[in-house]
$ cat coords-v4.cif   # mmCIF, C-alpha atoms and all ligand atoms
data_start
loop_
_atom_site.label_atom_id
_atom_site.label_comp_id
_atom_site.auth_asym_id
_atom_site.auth_seq_id
_atom_site.Cartn_x
_atom_site.Cartn_y
_atom_site.Cartn_z
CA MET A 92 85.90 151.57 82.70
CA PHE A 93 86.95 153.84 85.59
CA SER A 94 85.36 151.43 88.06
CA ILE A 95 87.33 148.49 86.69
CA LEU A 96 90.60 150.33 87.16
CA LYS A 97 89.61 151.22 90.69
CA ILE A 98 88.69 147.63 91.42
CA ILE A 99 92.02 146.35 90.13
CA ARG A 100 93.84 148.76 92.39
CA LEU A 101 91.78 147.69 95.38
CA GLY A 102 91.72 143.99 94.71
CA ARG A 103 94.35 141.30 94.49
CA CYS A 104 95.27 141.03 90.86
CA LEU A 105 96.17 137.59 89.67
CA SER A 106 99.20 137.02 87.52
CA GLY A 107 99.44 134.18 85.11
CA ILE A 108 99.60 135.58 81.65
CA ARG A 109 102.61 135.58 79.40
CA ARG A 110 105.12 134.57 82.01
CA GLY A 111 108.19 132.54 81.24
CA LEU A 112 108.12 131.99 77.48
CA SER A 113 110.51 134.85 76.77
CA GLN A 114 113.05 133.38 79.19
CA SER A 115 113.88 130.35 77.07
CA ASN A 116 117.10 130.57 75.03
CA PRO A 117 116.16 132.00 71.61
CA LEU A 118 119.23 130.43 69.97
CA THR A 119 118.16 126.83 70.57
CA PRO A 120 115.07 125.74 68.60
CA ARG A 121 112.42 124.49 71.01
CA ILE A 122 109.09 122.66 71.04
CA LEU A 123 105.93 124.51 72.05
CA ALA A 124 103.17 122.41 73.63
CA ALA A 125 100.03 124.59 73.84
CA ILE A 126 97.01 123.08 75.57
CA ASP A 127 93.40 124.17 76.05
CA PHE A 128 91.96 123.91 79.60
CA ASP A 129 88.19 123.16 79.65
CA LYS A 130 87.32 119.64 78.43
CA THR A 131 90.97 119.10 77.48
CA ILE A 132 92.93 119.26 80.75
CA ILE A 133 89.83 119.11 82.96
CA GLU A 134 86.86 116.92 82.11
CA GLN A 135 84.12 119.54 82.57
CA ASP A 136 83.66 123.09 81.37
CA SER A 137 84.75 125.23 84.36
CA TYR A 138 82.24 128.03 83.56
CA VAL A 139 79.33 125.58 83.51
CA ALA A 140 80.58 123.94 86.73
CA VAL A 141 80.79 127.28 88.58
CA SER A 142 77.39 128.39 87.25
CA GLN A 143 75.91 125.30 88.93
CA LEU A 144 76.56 126.97 92.29
CA LEU A 145 73.49 129.09 91.41
CA PRO A 146 69.96 127.72 91.93
CA PRO A 147 69.05 125.57 88.85
CA LYS A 148 66.34 127.96 87.62
CA GLN A 149 68.62 131.01 87.71
CA CYS A 150 71.43 129.03 86.11
CA LYS A 151 69.18 127.92 83.24
CA GLU A 152 68.05 131.49 82.55
CA LEU A 153 71.68 132.61 82.24
CA VAL A 154 72.62 129.69 79.98
CA ASN A 155 69.91 130.84 77.57
CA LEU A 156 71.68 134.21 77.33
CA ILE A 157 75.02 132.73 76.16
CA PRO A 158 74.32 133.11 72.40
CA LYS A 159 73.85 136.84 72.98
CA SER A 160 76.26 137.61 75.84
CA GLY A 161 79.02 135.11 75.01
CA TRP A 162 80.82 132.99 77.61
CA LEU A 163 82.65 135.94 79.14
CA GLY A 164 79.37 137.81 79.64
CA PHE A 165 77.85 134.63 81.05
CA ILE A 166 80.53 133.96 83.67
CA SER A 167 80.67 137.64 84.62
CA ARG A 168 76.94 137.60 85.41
CA VAL A 169 77.26 134.25 87.22
CA LEU A 170 80.06 135.56 89.46
CA GLN A 171 78.17 138.78 90.10
CA LEU A 172 74.98 136.95 91.14
CA LEU A 173 76.85 134.41 93.24
CA HIS A 174 78.40 137.24 95.21
CA SER A 175 75.51 139.70 95.45
CA GLU A 176 72.52 137.36 95.88
CA HIS A 177 74.00 134.18 97.32
CA LYS A 178 76.99 135.44 99.32
CA VAL A 179 79.35 133.06 97.52
CA ASN A 180 82.80 134.69 97.47
CA TYR A 181 86.03 133.92 95.59
CA ALA A 182 87.14 131.26 98.08
CA SER A 183 83.99 129.16 97.48
CA VAL A 184 84.25 129.66 93.72
CA GLY A 185 87.90 128.60 93.87
CA MET A 186 86.99 125.52 95.89
CA ARG A 187 84.42 124.49 93.27
CA VAL A 188 87.08 124.76 90.55
CA ARG A 189 89.69 122.89 92.60
CA HIS A 190 87.35 119.89 92.84
CA LEU A 191 86.93 119.51 89.06
CA GLN A 192 88.31 116.23 87.73
CA ALA A 193 91.23 116.01 85.32
CA VAL A 194 90.73 114.17 82.04
CA PRO A 195 92.05 110.66 82.83
CA GLY A 196 95.79 110.42 82.17
CA MET A 197 96.17 114.14 81.43
CA LEU A 198 98.18 115.04 84.56
CA ARG A 199 100.73 112.44 83.47
CA VAL A 200 100.86 113.92 79.96
CA LEU A 201 101.47 117.43 81.38
CA ARG A 202 104.24 116.18 83.68
CA GLN A 203 105.92 114.27 80.84
CA LEU A 204 105.81 117.25 78.49
CA ALA A 205 107.24 119.57 81.15
CA ARG A 206 110.00 117.07 81.94
CA ASN A 207 111.31 117.36 78.36
CA PRO A 208 113.95 120.12 78.54
CA GLU A 209 113.17 121.14 74.94
CA VAL A 210 109.48 121.81 75.63
CA ASP A 211 107.79 125.09 76.60
CA LEU A 212 104.40 124.05 78.01
CA CYS A 213 101.59 126.60 78.04
CA ILE A 214 97.81 126.85 78.41
CA VAL A 215 95.68 128.78 75.90
CA SER A 216 92.17 129.07 77.31
CA ASP A 217 88.99 131.12 77.22
CA ALA A 218 88.45 130.37 80.94
CA ASN A 219 90.30 132.81 83.22
CA SER A 220 93.47 133.15 85.28
CA PHE A 221 91.69 132.68 88.64
CA PHE A 222 90.02 129.37 87.72
CA ILE A 223 93.12 128.00 86.01
CA GLU A 224 95.53 128.97 88.78
CA GLU A 225 93.23 127.57 91.48
CA TRP A 226 93.07 124.22 89.66
CA LEU A 227 96.81 124.07 88.97
CA LYS A 228 97.51 124.87 92.63
CA GLN A 229 95.26 122.01 93.74
CA TYR A 230 97.65 119.61 91.98
CA ALA A 231 100.78 121.69 92.68
CA ILE A 232 101.57 121.85 88.96
CA GLU A 233 101.68 125.62 88.33
CA CYS A 234 105.46 125.32 88.00
CA LEU A 235 105.14 123.07 84.91
CA PHE A 236 103.86 125.92 82.73
CA ALA A 237 105.96 128.53 80.96
CA GLY A 238 102.86 130.58 80.13
CA VAL A 239 99.09 130.85 80.59
CA PHE A 240 97.24 132.83 77.88
CA THR A 241 93.75 133.51 79.18
CA ASN A 242 91.33 136.19 80.36
CA PRO A 243 92.84 137.93 83.39
CA ALA A 244 90.84 137.78 86.62
CA CYS A 245 90.91 139.94 89.72
CA ILE A 246 89.50 139.48 93.17
CA GLN A 247 87.77 142.66 94.25
CA ALA A 248 88.10 144.00 97.78
CA SER A 249 84.51 142.79 98.35
CA GLY A 250 85.47 139.18 97.58
CA GLU A 251 83.80 139.06 94.17
CA VAL A 252 85.79 137.64 91.22
CA LEU A 253 86.00 139.92 88.19
CA VAL A 254 86.97 138.52 84.79
CA LEU A 255 88.32 140.82 82.08
CA PRO A 256 88.78 140.12 78.36
CA TYR A 257 92.21 138.93 77.18
CA GLN A 258 91.79 141.16 74.11
CA GLU A 259 89.15 142.94 72.00
CA GLN A 260 89.09 141.47 68.50
CA THR A 261 86.77 141.53 65.50
CA ASP A 262 89.06 139.88 62.90
CA CYS A 263 88.22 136.25 63.65
CA GLU A 264 84.70 134.85 63.38
CA LEU A 265 85.64 131.44 64.76
CA CYS A 266 86.58 132.92 68.13
CA PRO A 267 84.80 135.16 70.66
CA SER A 268 85.68 138.87 70.66
CA ASN A 269 87.63 138.51 73.93
CA LEU A 270 90.15 135.90 72.72
CA CYS A 271 91.29 134.62 69.33
CA LYS A 272 93.43 131.57 70.10
CA GLY A 273 94.77 131.64 66.53
CA SER A 274 96.27 135.09 67.10
CA VAL A 275 98.01 133.83 70.26
CA LEU A 276 99.50 130.89 68.33
CA GLU A 277 100.49 133.09 65.42
CA GLU A 278 102.42 135.40 67.72
CA LEU A 279 104.23 132.49 69.37
CA ILE A 280 105.08 130.81 66.06
CA SER A 281 106.27 134.05 64.47
CA SER A 282 108.82 134.46 67.27
CA GLY A 283 110.84 131.88 65.30
CA ARG A 284 111.68 130.10 68.53
CA TYR A 285 109.86 126.85 67.82
CA LYS A 286 110.99 124.06 65.51
CA ARG A 287 107.73 122.26 66.28
CA VAL A 288 104.40 123.16 67.84
CA VAL A 289 101.91 120.77 69.40
CA TYR A 290 98.38 122.05 70.08
CA VAL A 291 95.81 120.07 72.07
CA GLY A 292 92.12 121.01 72.22
CA ASP A 293 88.47 120.11 71.80
CA SER A 294 86.44 123.03 70.41
CA CYS A 295 86.01 125.56 67.60
CA ASN A 296 88.34 128.21 68.96
CA ASP A 297 90.97 125.46 69.17
CA LEU A 298 90.35 124.87 65.47
CA CYS A 299 91.33 128.51 64.89
CA ALA A 300 94.62 127.88 66.71
CA MET A 301 95.27 124.68 64.75
CA LYS A 302 94.73 126.49 61.45
CA ARG A 303 97.92 128.46 62.21
CA LEU A 304 100.04 125.31 62.62
CA ARG A 305 102.63 124.36 59.98
CA ALA A 306 103.23 121.02 58.21
CA LYS A 307 105.83 120.02 60.83
CA ASP A 308 103.43 120.76 63.71
CA ILE A 309 100.84 118.47 65.34
CA GLY A 310 97.19 119.22 66.10
CA CYS A 311 95.66 116.92 68.73
CA ILE A 312 91.86 116.89 68.48
CA ARG A 313 89.70 115.31 71.20
CA ARG A 314 87.49 112.62 69.69
CA GLY A 315 83.74 112.94 70.30
CA TYR A 316 83.87 116.68 71.07
CA GLU A 317 82.93 119.87 69.16
CA MET A 318 85.94 120.24 66.88
CA TYR A 319 86.06 116.54 66.02
CA GLY A 320 82.52 116.87 64.66
CA LYS A 321 83.64 119.69 62.36
CA MET A 322 86.84 118.02 61.17
CA ALA A 323 85.41 116.77 57.89
CA ALA A 324 84.39 120.31 56.93
CA HIS A 325 87.73 121.85 57.96
CA ALA A 326 90.27 119.12 57.14
CA GLY A 327 91.44 121.12 54.09
CA ASP A 328 92.18 124.15 56.31
CA LEU A 329 94.79 122.32 58.37
CA SER A 330 98.44 122.11 57.26
CA CYS A 331 99.60 120.22 60.37
CA SER A 332 99.47 116.50 60.99
CA VAL A 333 96.48 115.49 63.11
CA VAL A 334 96.20 113.09 66.04
CA THR A 335 92.79 112.27 67.55
CA TRP A 336 92.54 111.23 71.18
CA ARG A 337 89.90 110.46 73.78
CA ASP A 338 91.84 110.66 77.06
CA GLY A 339 95.32 111.41 78.36
CA HIS A 340 96.39 107.77 78.23
CA GLU A 341 95.74 107.64 74.50
CA LEU A 342 97.26 111.08 73.93
CA GLU A 343 100.42 109.98 75.75
CA MET A 344 100.72 106.87 73.59
CA LEU A 345 100.20 108.75 70.31
CA LEU A 346 102.02 112.01 71.04
CA MET A 347 105.10 111.22 73.15
CA PRO A 348 106.91 109.10 70.52
CA LYS A 349 106.55 112.00 68.08
CA ILE A 350 108.26 114.58 70.25
CA VAL A 351 111.13 112.59 71.74
CA SER A 352 114.26 114.45 70.80
MG MG B 401 87.99 123.32 75.64
ZN ZN B 402 90.36 132.98 66.07
#

$ encode --input "coords-v4.cif" --output "structure tokens"
Amino acid sequence: MFSILKIIRLGRCLSGIRRGLSQSNPLTPRILAAIDFDKTIIEQDSYVAVSQLLPPKQCKELVNLIPKSGWLGFISRVLQLLHSEHKVNYASVGMRVRHLQAVPGMLRVLRQLARNPEVDLCIVSDANSFFIEEWLKQYAIECLFAGVFTNPACIQASGEVLVLPYQEQTDCELCPSNLCKGSVLEELISSGRYKRVVYVGDSCNDLCAMKRLRAKDIGCIRRGYEMYGKMAAHAGDLSCSVVTWRDGHELEMLLMPKIVS
């Protein structure tokens, strides 16, 4: 642990977590729009995309370790190998992330949500602050978000990217130990600030977040992806109303009429 602290002091630490949400007026009930990043805002999984900077054989060996090491362990090893064996530094990693495609229509959805003065827009993601901020900067949309809840990342003095866990948790089996999205949502909802919450996502840890939503809230599940496949088994666990969507165009059509004030 001592080395991590040293690295943080030496490197450029990236901000991006928990900014902004506390600044909204607590006396006026607001709408929270919380959105996953990988395969929800962007089309690909950013960790898989960055791992493809490694030679295919090395990449495949690391993918096989995911069940044991988890995604955070996977990307940490990928970033370490990229830097030490292949001389790929943070700038090249950032460039790879910046070139990832948005889900069609999703940039428009984000801009529309942020334009609504009642809405606090935030990202809840098991990616990391470096990847997310690089991508948002590419489209100049960092300013749309009141908060980004994700694993913090640092750039070490050597140029290697270091990703740290958002939290250490053992309470939730649906989520990895480094981030329970449900606990993030629970904290936001229990602030009492939100008359309505919208959550948009595609996978099982998004299901955990949606389980915390209330009857007046809306869960938006991406059709054809992991969570959609498990909906039948978990439909009884959800109190919120559910919208299913395939791309941003459809999400815009289904969601926007429901949150017009
Ligand atoms: Mg996702
Ligand atoms: Zn969880």

$ closest_atom_pairs --input "coords-v4.cif" --of "chain A" --to "ligand MG 401 (chain B)" --cutoff "8 Å" --atoms "all atoms listed in the file" --output "tab-separated table"
residue	atom	partner	partner_atom	distance
A:Asp127	CA	B:MG401	MG	5.5
A:Phe128	CA	B:MG401	MG	5.6
A:Asp129	CA	B:MG401	MG	4.0
A:Lys130	CA	B:MG401	MG	4.7
A:Thr131	CA	B:MG401	MG	5.5
A:Asp136	CA	B:MG401	MG	7.2
A:Ser216	CA	B:MG401	MG	7.3
A:Gly292	CA	B:MG401	MG	5.8
A:Asp293	CA	B:MG401	MG	5.0
A:Ser294	CA	B:MG401	MG	5.5
A:Asp297	CA	B:MG401	MG	7.4

$ residues_around --input "coords-v4.cif" --residues "Gln149 (chain A)" --least-positions-apart "4" --cutoff "12 Å" --atoms "only C-alpha atoms" --output "list in words"
Ser142, Gln143, Leu144, Leu145, Leu153, Val154, Asn155, Leu156, Phe165, Arg168, Val169, Leu172, Leu173, Glu176 and His177 of chain A

$ write_last_selection --input "coords-v4.cif" --atoms "C-alpha atoms" --output "PDB file, in the coordinates of the input"
ATOM      1  CA  SER A 142      77.390 128.390  87.250  1.00  0.00           C
ATOM      2  CA  GLN A 143      75.910 125.300  88.930  1.00  0.00           C
ATOM      3  CA  LEU A 144      76.560 126.970  92.290  1.00  0.00           C
ATOM      4  CA  LEU A 145      73.490 129.090  91.410  1.00  0.00           C
ATOM      5  CA  LEU A 153      71.680 132.610  82.240  1.00  0.00           C
ATOM      6  CA  VAL A 154      72.620 129.690  79.980  1.00  0.00           C
ATOM      7  CA  ASN A 155      69.910 130.840  77.570  1.00  0.00           C
ATOM      8  CA  LEU A 156      71.680 134.210  77.330  1.00  0.00           C
ATOM      9  CA  PHE A 165      77.850 134.630  81.050  1.00  0.00           C
ATOM     10  CA  ARG A 168      76.940 137.600  85.410  1.00  0.00           C
ATOM     11  CA  VAL A 169      77.260 134.250  87.220  1.00  0.00           C
ATOM     12  CA  LEU A 172      74.980 136.950  91.140  1.00  0.00           C
ATOM     13  CA  LEU A 173      76.850 134.410  93.240  1.00  0.00           C
ATOM     14  CA  GLU A 176      72.520 137.360  95.880  1.00  0.00           C
ATOM     15  CA  HIS A 177      74.000 134.180  97.320  1.00  0.00           C
TER      16      HIS A 177
END

$ closest_residue --input "coords-v4.cif" --among "A:Ala248, A:Ile232, A:Val215, A:Ala326" --to "ligand ZN 402 (chain B)" --atoms "all atoms listed in the file"
A:Val215

$ residues_around --input "coords-v4.cif" --residues "region 307-324 of chain A" --least-positions-apart "2" --cutoff "7 Å" --atoms "all atoms listed in the file" --output "number ranges by chain"
A: 287-295, 298, 301, 304-305, 326, 331-337

$ closest_atom_pairs --input "coords-v4.cif" --of "chain A" --to "ligand ZN 402 (chain B)" --cutoff "7 Å" --atoms "all atoms listed in the file" --output "CSV"
residue,atom,partner,partner_atom,distance
A:Cys263,CA,B:ZN402,ZN,4.6
A:Glu264,CA,B:ZN402,ZN,6.5
A:Leu265,CA,B:ZN402,ZN,5.1
A:Cys266,CA,B:ZN402,ZN,4.3
A:Cys271,CA,B:ZN402,ZN,3.8
A:Lys272,CA,B:ZN402,ZN,5.3
A:Gly273,CA,B:ZN402,ZN,4.6
A:Ser274,CA,B:ZN402,ZN,6.4
A:Asn296,CA,B:ZN402,ZN,5.9
A:Cys299,CA,B:ZN402,ZN,4.7
A:Ala300,CA,B:ZN402,ZN,6.7

$ closest_residue --input "coords-v4.cif" --among "A:Leu329, A:Leu253, A:Ser220, A:Leu279" --to "His174 (chain A)" --atoms "only C-alpha atoms"
A:Leu253

$ closest_residue --input "coords-v4.cif" --among "A:Glu225, A:Glu209, A:Asp217, A:Glu251" --to "Lys178 (chain A)" --atoms "only C-alpha atoms"
A:Glu251

$ atom_distance --input "coords-v4.cif" --atom1 "CA of Cys245 (chain A)" --atom2 "CA of Val210 (chain A)"
29.5 Å

$ residues_around --input "coords-v4.cif" --residues "Asn207 (chain A)" --least-positions-apart "4" --cutoff "12 Å" --atoms "all atoms listed in the file" --output "PyMOL selection string"
chain A and resi 121-124+200-203+211-212+235+347+350-352

$ build_atoms --input "coords-v4.cif" --residues "region 338-349 of chain A" --atoms "all heavy atoms" --output "PDB file, in the frame of the given file"
ATOM      1  N   ASP A 338      91.395 110.299  75.704  1.00  0.00           N
ATOM      2  CA  ASP A 338      91.840 110.660  77.060  1.00  0.00           C
ATOM      3  C   ASP A 338      93.363 110.797  77.086  1.00  0.00           C
ATOM      4  O   ASP A 338      94.031 110.574  76.071  1.00  0.00           O
ATOM      5  CB  ASP A 338      91.321 109.666  78.104  1.00  0.00           C
ATOM      6  CG  ASP A 338      91.877 108.266  77.891  1.00  0.00           C
ATOM      7  OD1 ASP A 338      92.896 108.117  77.178  1.00  0.00           O
ATOM      8  OD2 ASP A 338      91.289 107.311  78.424  1.00  0.00           O
ATOM      9  N   GLY A 339      93.885 111.159  78.256  1.00  0.00           N
ATOM     10  CA  GLY A 339      95.320 111.410  78.360  1.00  0.00           C
ATOM     11  C   GLY A 339      96.161 110.171  78.100  1.00  0.00           C
ATOM     12  O   GLY A 339      97.276 110.281  77.593  1.00  0.00           O
ATOM     13  N   HIS A 340      95.624 109.000  78.447  1.00  0.00           N
ATOM     14  CA  HIS A 340      96.390 107.770  78.230  1.00  0.00           C
ATOM     15  C   HIS A 340      96.648 107.580  76.731  1.00  0.00           C
ATOM     16  O   HIS A 340      97.754 107.246  76.313  1.00  0.00           O
ATOM     17  CB  HIS A 340      95.622 106.556  78.783  1.00  0.00           C
ATOM     18  CG  HIS A 340      95.299 106.697  80.242  1.00  0.00           C
ATOM     19  ND1 HIS A 340      96.283 106.768  81.209  1.00  0.00           N
ATOM     20  CD2 HIS A 340      94.112 106.798  80.902  1.00  0.00           C
ATOM     21  CE1 HIS A 340      95.715 106.911  82.399  1.00  0.00           C
ATOM     22  NE2 HIS A 340      94.393 106.938  82.242  1.00  0.00           N
ATOM     23  N   GLU A 341      95.603 107.794  75.949  1.00  0.00           N
ATOM     24  CA  GLU A 341      95.740 107.640  74.500  1.00  0.00           C
ATOM     25  C   GLU A 341      96.628 108.741  73.919  1.00  0.00           C
ATOM     26  O   GLU A 341      97.460 108.493  73.043  1.00  0.00           O
ATOM     27  CB  GLU A 341      94.350 107.674  73.854  1.00  0.00           C
ATOM     28  CG  GLU A 341      94.367 107.219  72.414  1.00  0.00           C
ATOM     29  CD  GLU A 341      92.984 107.251  71.767  1.00  0.00           C
ATOM     30  OE1 GLU A 341      92.012 107.716  72.409  1.00  0.00           O
ATOM     31  OE2 GLU A 341      92.889 106.830  70.623  1.00  0.00           O
ATOM     32  N   LEU A 342      96.441 109.957  74.417  1.00  0.00           N
ATOM     33  CA  LEU A 342      97.260 111.080  73.930  1.00  0.00           C
ATOM     34  C   LEU A 342      98.741 110.810  74.201  1.00  0.00           C
ATOM     35  O   LEU A 342      99.588 111.041  73.345  1.00  0.00           O
ATOM     36  CB  LEU A 342      96.809 112.376  74.629  1.00  0.00           C
ATOM     37  CG  LEU A 342      97.489 113.662  74.179  1.00  0.00           C
ATOM     38  CD1 LEU A 342      97.214 113.955  72.711  1.00  0.00           C
ATOM     39  CD2 LEU A 342      97.029 114.837  75.040  1.00  0.00           C
ATOM     40  N   GLU A 343      99.037 110.300  75.388  1.00  0.00           N
ATOM     41  CA  GLU A 343     100.420 109.980  75.750  1.00  0.00           C
ATOM     42  C   GLU A 343     101.019 108.975  74.760  1.00  0.00           C
ATOM     43  O   GLU A 343     102.119 109.164  74.249  1.00  0.00           O
ATOM     44  CB  GLU A 343     100.450 109.403  77.168  1.00  0.00           C
ATOM     45  CG  GLU A 343     101.841 109.021  77.617  1.00  0.00           C
ATOM     46  CD  GLU A 343     101.860 108.334  78.982  1.00  0.00           C
ATOM     47  OE1 GLU A 343     100.831 108.342  79.695  1.00  0.00           O
ATOM     48  OE2 GLU A 343     102.919 107.784  79.321  1.00  0.00           O
ATOM     49  N   MET A 344     100.246 107.944  74.471  1.00  0.00           N
ATOM     50  CA  MET A 344     100.720 106.870  73.590  1.00  0.00           C
ATOM     51  C   MET A 344     100.976 107.396  72.160  1.00  0.00           C
ATOM     52  O   MET A 344     101.953 107.033  71.519  1.00  0.00           O
ATOM     53  CB  MET A 344      99.625 105.800  73.540  1.00  0.00           C
ATOM     54  CG  MET A 344     100.120 104.399  73.350  1.00  0.00           C
ATOM     55  SD  MET A 344      98.722 103.292  73.606  1.00  0.00           S
ATOM     56  CE  MET A 344      97.543 103.839  72.386  1.00  0.00           C
ATOM     57  N   LEU A 345     100.092 108.273  71.690  1.00  0.00           N
ATOM     58  CA  LEU A 345     100.200 108.750  70.310  1.00  0.00           C
ATOM     59  C   LEU A 345     101.197 109.905  70.162  1.00  0.00           C
ATOM     60  O   LEU A 345     101.878 110.000  69.143  1.00  0.00           O
ATOM     61  CB  LEU A 345      98.819 109.234  69.820  1.00  0.00           C
ATOM     62  CG  LEU A 345      97.747 108.162  69.727  1.00  0.00           C
ATOM     63  CD1 LEU A 345      96.371 108.803  69.534  1.00  0.00           C
ATOM     64  CD2 LEU A 345      98.051 107.216  68.565  1.00  0.00           C
ATOM     65  N   LEU A 346     101.258 110.763  71.184  1.00  0.00           N
ATOM     66  CA  LEU A 346     102.020 112.010  71.040  1.00  0.00           C
ATOM     67  C   LEU A 346     103.490 111.881  71.463  1.00  0.00           C
ATOM     68  O   LEU A 346     104.371 112.369  70.772  1.00  0.00           O
ATOM     69  CB  LEU A 346     101.339 113.108  71.867  1.00  0.00           C
ATOM     70  CG  LEU A 346     101.930 114.506  71.804  1.00  0.00           C
ATOM     71  CD1 LEU A 346     101.933 115.030  70.375  1.00  0.00           C
ATOM     72  CD2 LEU A 346     101.165 115.450  72.722  1.00  0.00           C
ATOM     73  N   MET A 347     103.735 111.211  72.581  1.00  0.00           N
ATOM     74  CA  MET A 347     105.100 111.220  73.150  1.00  0.00           C
ATOM     75  C   MET A 347     106.146 110.669  72.176  1.00  0.00           C
ATOM     76  O   MET A 347     107.219 111.259  72.053  1.00  0.00           O
ATOM     77  CB  MET A 347     105.141 110.467  74.480  1.00  0.00           C
ATOM     78  CG  MET A 347     104.374 111.152  75.570  1.00  0.00           C
ATOM     79  SD  MET A 347     104.810 112.901  75.715  1.00  0.00           S
ATOM     80  CE  MET A 347     103.493 113.470  76.771  1.00  0.00           C
ATOM     81  N   PRO A 348     105.883 109.577  71.447  1.00  0.00           N
ATOM     82  CA  PRO A 348     106.910 109.100  70.520  1.00  0.00           C
ATOM     83  C   PRO A 348     107.249 110.121  69.437  1.00  0.00           C
ATOM     84  O   PRO A 348     108.353 110.119  68.910  1.00  0.00           O
ATOM     85  CB  PRO A 348     106.273 107.849  69.887  1.00  0.00           C
ATOM     86  CG  PRO A 348     105.178 107.446  70.828  1.00  0.00           C
ATOM     87  CD  PRO A 348     104.691 108.716  71.438  1.00  0.00           C
ATOM     88  N   LYS A 349     106.314 111.018  69.143  1.00  0.00           N
ATOM     89  CA  LYS A 349     106.550 112.000  68.080  1.00  0.00           C
ATOM     90  C   LYS A 349     107.405 113.179  68.516  1.00  0.00           C
ATOM     91  O   LYS A 349     107.934 113.909  67.692  1.00  0.00           O
ATOM     92  CB  LYS A 349     105.215 112.559  67.565  1.00  0.00           C
ATOM     93  CG  LYS A 349     104.344 111.542  66.840  1.00  0.00           C
ATOM     94  CD  LYS A 349     103.071 112.218  66.371  1.00  0.00           C
ATOM     95  CE  LYS A 349     102.027 111.241  65.918  1.00  0.00           C
ATOM     96  NZ  LYS A 349     102.340 110.619  64.619  1.00  0.00           N
TER      97      LYS A 349
END
